[in-house]
>>> print(open('query.cif').read())   # mmCIF, C-alpha atoms; chains and numbers go by the auth columns
data_run
loop_
_atom_site.group_PDB
_atom_site.id
_atom_site.type_symbol
_atom_site.label_atom_id
_atom_site.label_comp_id
_atom_site.label_asym_id
_atom_site.label_seq_id
_atom_site.Cartn_x
_atom_site.Cartn_y
_atom_site.Cartn_z
_atom_site.B_iso_or_equiv
_atom_site.auth_seq_id
_atom_site.auth_asym_id
ATOM 1 C CA MET A 1 -18.975 31.923 -98.234 0.00 1 Z
ATOM 2 C CA ILE A 2 -21.318 34.514 -99.672 0.00 2 Z
ATOM 3 C CA VAL A 3 -20.375 36.721 -102.622 0.00 3 Z
ATOM 4 C CA THR A 4 -22.477 39.105 -104.683 0.00 4 Z
ATOM 5 C CA VAL A 5 -22.789 38.342 -108.400 0.00 5 Z
ATOM 6 C CA ASN A 6 -24.445 41.039 -110.502 0.00 6 Z
ATOM 7 C CA GLY A 7 -26.221 42.340 -107.409 0.00 7 Z
ATOM 8 C CA GLU A 8 -27.458 38.956 -106.128 0.00 8 Z
ATOM 9 C CA ASP A 9 -26.019 37.025 -103.198 0.00 9 Z
ATOM 10 C CA ARG A 10 -24.626 33.611 -104.062 0.00 10 Z
ATOM 11 C CA THR A 11 -23.070 30.954 -101.841 0.00 11 Z
ATOM 12 C CA LEU A 12 -19.769 29.468 -103.006 0.00 12 Z
ATOM 13 C CA ALA A 13 -17.358 27.026 -101.412 0.00 13 Z
ATOM 14 C CA ASP A 14 -14.518 28.567 -99.406 0.00 14 Z
ATOM 15 C CA GLY A 15 -11.469 28.990 -101.630 0.00 15 Z
ATOM 16 C CA ALA A 16 -13.539 29.185 -104.830 0.00 16 Z
ATOM 17 C CA THR A 17 -11.886 30.726 -107.859 0.00 17 Z
ATOM 18 C CA VAL A 18 -13.299 32.791 -110.680 0.00 18 Z
ATOM 19 C CA ARG A 19 -13.025 29.631 -112.839 0.00 19 Z
ATOM 20 C CA ALA A 20 -15.249 27.747 -110.350 0.00 20 Z
ATOM 21 C CA LEU A 21 -17.823 30.544 -110.526 0.00 21 Z
ATOM 22 C CA VAL A 22 -17.769 30.562 -114.340 0.00 22 Z
ATOM 23 C CA THR A 23 -18.297 26.784 -114.314 0.00 23 Z
ATOM 24 C CA GLU A 24 -21.113 26.997 -111.759 0.00 24 Z
ATOM 25 C CA LEU A 25 -22.867 29.679 -113.803 0.00 25 Z
ATOM 26 C CA ASP A 26 -22.374 27.555 -116.956 0.00 26 Z
ATOM 27 C CA LEU A 27 -20.764 30.456 -118.797 0.00 27 Z
ATOM 28 C CA PRO A 28 -18.655 30.094 -121.939 0.00 28 Z
ATOM 29 C CA ASP A 29 -14.918 30.787 -121.884 0.00 29 Z
ATOM 30 C CA GLU A 30 -15.232 33.436 -124.592 0.00 30 Z
ATOM 31 C CA GLY A 31 -17.341 36.559 -124.740 0.00 31 Z
ATOM 32 C CA VAL A 32 -17.400 36.909 -120.951 0.00 32 Z
ATOM 33 C CA ALA A 33 -15.694 39.490 -118.748 0.00 33 Z
ATOM 34 C CA ILE A 34 -15.448 39.086 -114.976 0.00 34 Z
ATOM 35 C CA ALA A 35 -14.643 41.911 -112.576 0.00 35 Z
ATOM 36 C CA VAL A 36 -13.981 41.261 -108.894 0.00 36 Z
ATOM 37 C CA ASP A 37 -14.314 44.284 -106.643 0.00 37 Z
ATOM 38 C CA GLY A 38 -14.090 46.534 -109.691 0.00 38 Z
ATOM 39 C CA VAL A 39 -10.975 44.930 -111.201 0.00 39 Z
ATOM 40 C CA VAL A 40 -11.284 42.911 -114.417 0.00 40 Z
ATOM 41 C CA VAL A 41 -9.732 39.442 -114.151 0.00 41 Z
ATOM 42 C CA PRO A 42 -8.325 38.241 -117.497 0.00 42 Z
ATOM 43 C CA SER A 43 -9.644 34.825 -118.523 0.00 43 Z
ATOM 44 C CA SER A 44 -6.090 33.478 -118.419 0.00 44 Z
ATOM 45 C CA GLY A 45 -6.096 34.134 -114.654 0.00 45 Z
ATOM 46 C CA TRP A 46 -9.526 32.767 -113.746 0.00 46 Z
ATOM 47 C CA GLY A 47 -8.098 29.551 -112.303 0.00 47 Z
ATOM 48 C CA ASP A 48 -5.734 31.442 -110.002 0.00 48 Z
ATOM 49 C CA ALA A 49 -8.049 34.278 -108.915 0.00 49 Z
ATOM 50 C CA LEU A 50 -9.407 33.361 -105.492 0.00 50 Z
ATOM 51 C CA LEU A 51 -12.687 34.857 -104.386 0.00 51 Z
ATOM 52 C CA GLY A 52 -13.143 36.089 -100.849 0.00 52 Z
ATOM 53 C CA ALA A 53 -16.252 36.333 -98.723 0.00 53 Z
ATOM 54 C CA GLY A 54 -18.145 39.505 -99.526 0.00 54 Z
ATOM 55 C CA ALA A 55 -16.571 39.919 -102.971 0.00 55 Z
ATOM 56 C CA GLU A 56 -18.554 42.027 -105.437 0.00 56 Z
ATOM 57 C CA ILE A 57 -18.470 40.269 -108.803 0.00 57 Z
ATOM 58 C CA ASP A 58 -19.721 41.654 -112.087 0.00 58 Z
ATOM 59 C CA VAL A 59 -20.270 39.228 -114.959 0.00 59 Z
ATOM 60 C CA LEU A 60 -20.625 40.789 -118.384 0.00 60 Z
ATOM 61 C CA THR A 61 -21.393 38.854 -121.543 0.00 61 Z
ATOM 62 C CA ALA A 62 -21.081 39.967 -125.125 0.00 62 Z
ATOM 63 C CA VAL A 63 -24.370 40.200 -126.988 0.00 63 Z
ATOM 64 C CA GLN A 64 -24.680 40.228 -130.758 0.00 64 Z
ATOM 65 C CA GLY A 65 -27.104 42.524 -132.407 0.00 65 Z
ATOM 66 C CA GLY A 66 -27.476 45.887 -133.932 0.00 66 Z
#
>>> encode(input="query.cif", output="structure tokens")
Amino acid sequence: MIVTVNGEDRTLADGATVRALVTELDLPDEGVAIAVDGVVVPSSGWGDALLGAGAEIDVLTAVQGG
């Protein structure tokens, strides 16, 4: 299936979860926020949050600095 991650199309396996996406993108478990179709998914729910074809996903990472 095709989803959009930060404005770019990406192909994922049918039935993929947010956790699978985080793993595929090699993102850390902390300092990352994921929103699916405008709704933030808490990290505790990443393994249960199924992604559907056409989902709009925003991945935000914390950046240190001043």
>>> resolve_selection(input="query.cif", expression="the PyMOL selection byres ((chain Z and resi 20-31) around 10)", output="ChimeraX atom specification")
/Z:5,10,12-13,15-19,32-34,43-44,46-47,49-51,57,59-63
>>> axis_aligned_box(input="query.cif", around="stretch 35-50 of chain Z", padding_each_side="4 Å", output="AutoDock Vina command-line options")
--center_x -10.2 --center_y 38.0 --center_z -112.0 --size_x 16.9 --size_y 25.0 --size_z 21.0
>>> residues_near_point(input="query.cif", point="(-18.9, 38.4, -100.8)", cutoff="10 Å", atoms="only C-alpha atoms", output="tab-separated table (two decimals) with C-alpha atoms, in the frame of the given file")
chain	number	residue	atom	x	y	z
Z	1	MET	CA	-18.98	31.92	-98.23
Z	2	ILE	CA	-21.32	34.51	-99.67
Z	3	VAL	CA	-20.38	36.72	-102.62
Z	4	THR	CA	-22.48	39.10	-104.68
Z	5	VAL	CA	-22.79	38.34	-108.40
Z	9	ASP	CA	-26.02	37.02	-103.20
Z	10	ARG	CA	-24.63	33.61	-104.06
Z	11	THR	CA	-23.07	30.95	-101.84
Z	12	LEU	CA	-19.77	29.47	-103.01
Z	36	VAL	CA	-13.98	41.26	-108.89
Z	37	ASP	CA	-14.31	44.28	-106.64
Z	51	LEU	CA	-12.69	34.86	-104.39
Z	52	GLY	CA	-13.14	36.09	-100.85
Z	53	ALA	CA	-16.25	36.33	-98.72
Z	54	GLY	CA	-18.14	39.51	-99.53
Z	55	ALA	CA	-16.57	39.92	-102.97
Z	56	GLU	CA	-18.55	42.03	-105.44
Z	57	ILE	CA	-18.47	40.27	-108.80
>>> decode(input="query.cif", residues="stretch 10-56 of chain Z", atoms="N, CA and C atoms", output="PDB file, in the first residue's frame")
ATOM      1  N   ARG Z  10       5.417   6.574   0.100  1.00  0.00           N
ATOM      2  CA  ARG Z  10       6.229   5.444   0.556  1.00  0.00           C
ATOM      3  C   ARG Z  10       5.360   4.188   0.482  1.00  0.00           C
ATOM      4  N   THR Z  11       5.946   3.100   0.044  1.00  0.00           N
ATOM      5  CA  THR Z  11       5.232   1.828  -0.039  1.00  0.00           C
ATOM      6  C   THR Z  11       5.493   1.020   1.223  1.00  0.00           C
ATOM      7  N   LEU Z  12       4.405   0.577   1.854  1.00  0.00           N
ATOM      8  CA  LEU Z  12       4.483  -0.269   3.044  1.00  0.00           C
ATOM      9  C   LEU Z  12       3.670  -1.533   2.808  1.00  0.00           C
ATOM     10  N   ALA Z  13       3.959  -2.565   3.566  1.00  0.00           N
ATOM     11  CA  ALA Z  13       3.185  -3.796   3.485  1.00  0.00           C
ATOM     12  C   ALA Z  13       1.764  -3.548   3.979  1.00  0.00           C
ATOM     13  N   ASP Z  14       0.796  -4.228   3.386  1.00  0.00           N
ATOM     14  CA  ASP Z  14      -0.582  -4.142   3.873  1.00  0.00           C
ATOM     15  C   ASP Z  14      -0.602  -4.546   5.346  1.00  0.00           C
ATOM     16  N   GLY Z  15      -1.378  -3.828   6.140  1.00  0.00           N
ATOM     17  CA  GLY Z  15      -1.489  -4.134   7.561  1.00  0.00           C
ATOM     18  C   GLY Z  15      -0.337  -3.596   8.393  1.00  0.00           C
ATOM     19  N   ALA Z  16       0.493  -2.727   7.807  1.00  0.00           N
ATOM     20  CA  ALA Z  16       1.617  -2.155   8.561  1.00  0.00           C
ATOM     21  C   ALA Z  16       1.097  -1.272   9.690  1.00  0.00           C
ATOM     22  N   THR Z  17       1.866  -1.239  10.756  1.00  0.00           N
ATOM     23  CA  THR Z  17       1.537  -0.401  11.908  1.00  0.00           C
ATOM     24  C   THR Z  17       2.486   0.788  11.952  1.00  0.00           C
ATOM     25  N   VAL Z  18       2.173   1.722  12.836  1.00  0.00           N
ATOM     26  CA  VAL Z  18       3.078   2.845  13.050  1.00  0.00           C
ATOM     27  C   VAL Z  18       4.428   2.322  13.515  1.00  0.00           C
ATOM     28  N   ARG Z  19       4.437   1.304  14.382  1.00  0.00           N
ATOM     29  CA  ARG Z  19       5.698   0.709  14.866  1.00  0.00           C
ATOM     30  C   ARG Z  19       6.535   0.206  13.689  1.00  0.00           C
ATOM     31  N   ALA Z  20       5.907  -0.463  12.715  1.00  0.00           N
ATOM     32  CA  ALA Z  20       6.631  -0.958  11.543  1.00  0.00           C
ATOM     33  C   ALA Z  20       7.246   0.198  10.758  1.00  0.00           C
ATOM     34  N   LEU Z  21       6.512   1.291  10.635  1.00  0.00           N
ATOM     35  CA  LEU Z  21       7.040   2.466   9.934  1.00  0.00           C
ATOM     36  C   LEU Z  21       8.233   3.051  10.686  1.00  0.00           C
ATOM     37  N   VAL Z  22       8.111   3.193  11.991  1.00  0.00           N
ATOM     38  CA  VAL Z  22       9.203   3.730  12.811  1.00  0.00           C
ATOM     39  C   VAL Z  22      10.448   2.858  12.652  1.00  0.00           C
ATOM     40  N   THR Z  23      10.261   1.546  12.639  1.00  0.00           N
ATOM     41  CA  THR Z  23      11.384   0.618  12.469  1.00  0.00           C
ATOM     42  C   THR Z  23      11.989   0.770  11.084  1.00  0.00           C
ATOM     43  N   GLU Z  24      11.148   0.833  10.058  1.00  0.00           N
ATOM     44  CA  GLU Z  24      11.636   0.970   8.685  1.00  0.00           C
ATOM     45  C   GLU Z  24      12.412   2.266   8.489  1.00  0.00           C
ATOM     46  N   LEU Z  25      11.970   3.332   9.135  1.00  0.00           N
ATOM     47  CA  LEU Z  25      12.648   4.619   9.015  1.00  0.00           C
ATOM     48  C   LEU Z  25      13.855   4.729   9.956  1.00  0.00           C
ATOM     49  N   ASP Z  26      14.081   3.684  10.762  1.00  0.00           N
ATOM     50  CA  ASP Z  26      15.193   3.638  11.710  1.00  0.00           C
ATOM     51  C   ASP Z  26      15.167   4.831  12.663  1.00  0.00           C
ATOM     52  N   LEU Z  27      13.972   5.091  13.197  1.00  0.00           N
ATOM     53  CA  LEU Z  27      13.786   6.198  14.132  1.00  0.00           C
ATOM     54  C   LEU Z  27      13.900   5.700  15.569  1.00  0.00           C
ATOM     55  N   PRO Z  28      14.346   6.561  16.470  1.00  0.00           N
ATOM     56  CA  PRO Z  28      14.408   6.166  17.883  1.00  0.00           C
ATOM     57  C   PRO Z  28      13.007   6.130  18.495  1.00  0.00           C
ATOM     58  N   ASP Z  29      12.893   5.481  19.632  1.00  0.00           N
ATOM     59  CA  ASP Z  29      11.601   5.405  20.330  1.00  0.00           C
ATOM     60  C   ASP Z  29      11.280   6.690  21.084  1.00  0.00           C
ATOM     61  N   GLU Z  30      12.280   7.496  21.363  1.00  0.00           N
ATOM     62  CA  GLU Z  30      12.074   8.727  22.116  1.00  0.00           C
ATOM     63  C   GLU Z  30      12.403   9.926  21.246  1.00  0.00           C
ATOM     64  N   GLY Z  31      11.738  11.043  21.523  1.00  0.00           N
ATOM     65  CA  GLY Z  31      12.004  12.258  20.794  1.00  0.00           C
ATOM     66  C   GLY Z  31      11.349  12.294  19.424  1.00  0.00           C
ATOM     67  N   VAL Z  32      10.369  11.404  19.213  1.00  0.00           N
ATOM     68  CA  VAL Z  32       9.678  11.325  17.929  1.00  0.00           C
ATOM     69  C   VAL Z  32       8.175  11.404  18.178  1.00  0.00           C
ATOM     70  N   ALA Z  33       7.489  12.181  17.364  1.00  0.00           N
ATOM     71  CA  ALA Z  33       6.026  12.229  17.407  1.00  0.00           C
ATOM     72  C   ALA Z  33       5.523  11.828  16.025  1.00  0.00           C
ATOM     73  N   ILE Z  34       4.483  11.010  16.019  1.00  0.00           N
ATOM     74  CA  ILE Z  34       3.881  10.535  14.765  1.00  0.00           C
ATOM     75  C   ILE Z  34       2.414  10.938  14.762  1.00  0.00           C
ATOM     76  N   ALA Z  35       2.000  11.572  13.687  1.00  0.00           N
ATOM     77  CA  ALA Z  35       0.582  11.910  13.492  1.00  0.00           C
ATOM     78  C   ALA Z  35       0.101  11.206  12.231  1.00  0.00           C
ATOM     79  N   VAL Z  36      -1.045  10.561  12.337  1.00  0.00           N
ATOM     80  CA  VAL Z  36      -1.661   9.881  11.197  1.00  0.00           C
ATOM     81  C   VAL Z  36      -2.966  10.599  10.889  1.00  0.00           C
ATOM     82  N   ASP Z  37      -3.052  11.117   9.699  1.00  0.00           N
ATOM     83  CA  ASP Z  37      -4.229  11.888   9.275  1.00  0.00           C
ATOM     84  C   ASP Z  37      -4.577  12.980  10.284  1.00  0.00           C
ATOM     85  N   GLY Z  38      -3.528  13.643  10.791  1.00  0.00           N
ATOM     86  CA  GLY Z  38      -3.713  14.781  11.676  1.00  0.00           C
ATOM     87  C   GLY Z  38      -3.916  14.450  13.141  1.00  0.00           C
ATOM     88  N   VAL Z  39      -3.880  13.171  13.502  1.00  0.00           N
ATOM     89  CA  VAL Z  39      -4.084  12.761  14.892  1.00  0.00           C
ATOM     90  C   VAL Z  39      -2.790  12.146  15.416  1.00  0.00           C
ATOM     91  N   VAL Z  40      -2.261  12.703  16.511  1.00  0.00           N
ATOM     92  CA  VAL Z  40      -1.031  12.182  17.097  1.00  0.00           C
ATOM     93  C   VAL Z  40      -1.298  10.811  17.708  1.00  0.00           C
ATOM     94  N   VAL Z  41      -0.404   9.863  17.406  1.00  0.00           N
ATOM     95  CA  VAL Z  41      -0.497   8.510  17.962  1.00  0.00           C
ATOM     96  C   VAL Z  41       0.554   8.410  19.061  1.00  0.00           C
ATOM     97  N   PRO Z  42       0.137   8.192  20.315  1.00  0.00           N
ATOM     98  CA  PRO Z  42       1.111   8.068  21.402  1.00  0.00           C
ATOM     99  C   PRO Z  42       2.033   6.873  21.153  1.00  0.00           C
ATOM    100  N   SER Z  43       3.281   6.993  21.554  1.00  0.00           N
ATOM    101  CA  SER Z  43       4.239   5.907  21.314  1.00  0.00           C
ATOM    102  C   SER Z  43       3.784   4.589  21.930  1.00  0.00           C
ATOM    103  N   SER Z  44       3.026   4.645  22.998  1.00  0.00           N
ATOM    104  CA  SER Z  44       2.523   3.417  23.618  1.00  0.00           C
ATOM    105  C   SER Z  44       1.535   2.682  22.716  1.00  0.00           C
ATOM    106  N   GLY Z  45       0.991   3.358  21.711  1.00  0.00           N
ATOM    107  CA  GLY Z  45       0.026   2.741  20.805  1.00  0.00           C
ATOM    108  C   GLY Z  45       0.557   2.452  19.415  1.00  0.00           C
ATOM    109  N   TRP Z  46       1.848   2.686  19.182  1.00  0.00           N
ATOM    110  CA  TRP Z  46       2.405   2.483  17.851  1.00  0.00           C
ATOM    111  C   TRP Z  46       2.213   1.067  17.331  1.00  0.00           C
ATOM    112  N   GLY Z  47       2.341   0.084  18.195  1.00  0.00           N
ATOM    113  CA  GLY Z  47       2.216  -1.314  17.754  1.00  0.00           C
ATOM    114  C   GLY Z  47       0.806  -1.699  17.373  1.00  0.00           C
ATOM    115  N   ASP Z  48      -0.176  -0.977  17.874  1.00  0.00           N
ATOM    116  CA  ASP Z  48      -1.584  -1.282  17.604  1.00  0.00           C
ATOM    117  C   ASP Z  48      -2.197  -0.402  16.519  1.00  0.00           C
ATOM    118  N   ALA Z  49      -1.533   0.694  16.174  1.00  0.00           N
ATOM    119  CA  ALA Z  49      -2.094   1.664  15.227  1.00  0.00           C
ATOM    120  C   ALA Z  49      -1.835   1.213  13.791  1.00  0.00           C
ATOM    121  N   LEU Z  50      -2.861   0.667  13.161  1.00  0.00           N
ATOM    122  CA  LEU Z  50      -2.740   0.216  11.778  1.00  0.00           C
ATOM    123  C   LEU Z  50      -2.785   1.394  10.829  1.00  0.00           C
ATOM    124  N   LEU Z  51      -1.989   1.314   9.785  1.00  0.00           N
ATOM    125  CA  LEU Z  51      -1.976   2.335   8.754  1.00  0.00           C
ATOM    126  C   LEU Z  51      -2.790   1.849   7.565  1.00  0.00           C
ATOM    127  N   GLY Z  52      -3.536   2.744   6.973  1.00  0.00           N
ATOM    128  CA  GLY Z  52      -4.330   2.398   5.806  1.00  0.00           C
ATOM    129  C   GLY Z  52      -3.755   3.031   4.557  1.00  0.00           C
ATOM    130  N   ALA Z  53      -4.104   2.467   3.417  1.00  0.00           N
ATOM    131  CA  ALA Z  53      -3.653   3.025   2.146  1.00  0.00           C
ATOM    132  C   ALA Z  53      -4.097   4.478   2.054  1.00  0.00           C
ATOM    133  N   GLY Z  54      -3.203   5.327   1.610  1.00  0.00           N
ATOM    134  CA  GLY Z  54      -3.509   6.739   1.456  1.00  0.00           C
ATOM    135  C   GLY Z  54      -3.348   7.565   2.712  1.00  0.00           C
ATOM    136  N   ALA Z  55      -2.918   6.938   3.813  1.00  0.00           N
ATOM    137  CA  ALA Z  55      -2.744   7.677   5.068  1.00  0.00           C
ATOM    138  C   ALA Z  55      -1.713   8.785   4.892  1.00  0.00           C
ATOM    139  N   GLU Z  56      -1.982   9.911   5.534  1.00  0.00           N
ATOM    140  CA  GLU Z  56      -1.057  11.047   5.565  1.00  0.00           C
ATOM    141  C   GLU Z  56      -0.362  11.011   6.926  1.00  0.00           C
TER     142      GLU Z  56
END
